[in-house]
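Listing of model17.cif; format and content: mmCIF, C-alpha atoms.
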data_structure
loop_
_atom_site.group_PDB
_atom_site.id
_atom_site.type_symbol
_atom_site.label_atom_id
_atom_site.label_comp_id
_atom_site.auth_asym_id
_atom_site.auth_seq_id
_atom_site.Cartn_x
_atom_site.Cartn_y
_atom_site.Cartn_z
ATOM 1 C CA MET A 15 6.566 -24.603 -24.987
ATOM 2 C CA ARG A 16 3.787 -23.813 -22.502
ATOM 3 C CA VAL A 17 5.461 -25.934 -19.849
ATOM 4 C CA VAL A 18 8.650 -23.904 -20.186
ATOM 5 C CA GLN A 19 6.732 -20.623 -19.979
ATOM 6 C CA ALA A 20 4.854 -21.822 -16.898
ATOM 7 C CA ALA A 21 8.099 -22.931 -15.252
ATOM 8 C CA ILE A 22 9.741 -19.581 -15.947
ATOM 9 C CA ALA A 23 6.726 -17.708 -14.564
ATOM 10 C CA CYS A 24 6.769 -19.867 -11.439
ATOM 11 C CA MET A 25 10.490 -19.297 -10.905
ATOM 12 C CA ASP A 26 10.016 -15.566 -11.409
ATOM 13 C CA LEU A 27 7.281 -15.493 -8.767
ATOM 14 C CA VAL A 28 9.401 -17.441 -6.289
ATOM 15 C CA MET A 29 12.346 -15.065 -6.759
ATOM 16 C CA LEU A 30 10.069 -12.049 -6.364
ATOM 17 C CA GLU A 31 8.668 -13.436 -3.105
ATOM 18 C CA LYS A 32 12.160 -14.171 -1.767
ATOM 19 C CA ARG A 33 13.329 -10.650 -2.627
ATOM 20 C CA TYR A 34 10.277 -9.141 -0.943
ATOM 21 C CA ARG A 35 10.785 -11.189 2.243
ATOM 22 C CA HIS A 36 14.509 -10.355 2.294
ATOM 23 C CA PHE A 37 13.998 -6.593 2.122
ATOM 24 C CA LEU A 38 11.023 -6.745 4.491
ATOM 25 C CA GLU A 39 13.214 -8.465 7.075
ATOM 26 C CA LEU A 40 16.012 -5.918 6.617
ATOM 27 C CA TRP A 41 13.516 -3.065 6.886
ATOM 28 C CA GLN A 42 12.006 -4.473 10.085
ATOM 29 C CA GLN A 43 15.450 -4.837 11.662
ATOM 30 C CA THR A 44 16.539 -1.269 10.842
ATOM 31 C CA ASP A 45 16.113 1.503 13.398
ATOM 32 C CA PRO A 46 14.490 4.420 11.542
ATOM 33 C CA GLU A 47 15.924 6.992 13.950
ATOM 34 C CA ALA A 48 19.492 5.689 13.814
ATOM 35 C CA GLU A 49 19.570 4.944 10.068
ATOM 36 C CA PRO A 50 16.760 6.842 8.316
ATOM 37 C CA GLU A 51 18.279 6.577 4.821
ATOM 38 C CA ARG A 52 18.781 2.829 5.041
ATOM 39 C CA TYR A 53 15.300 2.423 6.532
ATOM 40 C CA GLN A 54 13.761 4.303 3.616
ATOM 41 C CA TYR A 55 15.894 2.398 1.077
ATOM 42 C CA TYR A 56 14.705 -0.999 2.334
ATOM 43 C CA TYR A 57 11.142 0.277 2.484
ATOM 44 C CA GLN A 58 11.258 1.402 -1.140
ATOM 45 C CA LYS A 59 12.920 -1.845 -2.252
ATOM 46 C CA ASN A 60 9.796 -3.615 -1.041
ATOM 47 C CA GLY A 61 7.814 -1.710 -3.634
ATOM 48 C CA PHE A 62 6.423 0.996 -1.377
ATOM 49 C CA LYS A 63 6.799 4.612 -2.434
ATOM 50 C CA THR A 64 6.956 6.630 0.780
ATOM 51 C CA PRO A 65 8.116 5.731 4.297
ATOM 52 C CA PRO A 66 5.449 4.856 6.860
ATOM 53 C CA PHE A 67 6.174 7.843 9.120
#
Encoded form (structure tokens):
Amino acid sequence: MRVVQAAIACMDLVMLEKRYRHFLELWQQTDPEAEPERYQYYYQKNGFKTPPF
């Protein structure tokens, strides 16, 4: 049972890291002046609360 729980926790962490990297990349590629709403959306999807400007 512990092996299954550890495997699930590991998979959860990997998916969380992939999601973070995905939205970080999208955020970095977005021009905040041209698309401010999308920029803020990607920023918040990374777990941050307010935009960095």
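The spacing separating CA of Asp45 in chain A from CA of Tyr57 in chain A amounts to 12.1 Å.
Among the candidates A:Thr44, A:Arg33, A:Leu27, A:Glu49, the one nearest to Gly61 in chain A when counting all atoms listed in the file is A:Arg33.
Interatomic distance, CA of Trp41 in chain A against CA of Phe62 in chain A: 11.6 Å.
Relative to CA of Leu40 in chain A, CA of Gln58 in chain A is found at 11.7 Å.
Omitting Gln42 in chain A and its sequence neighbours fewer than 2 positions away, and counting all atoms listed in the file, the residues within 12 Å are Arg35, His36, Phe37, Leu38, Glu39, Leu40, Thr44, Asp45, Pro46, Arg52, Tyr53, Gln54, Tyr55, Tyr56, Tyr57, Asn60 and Pro66 of chain A.
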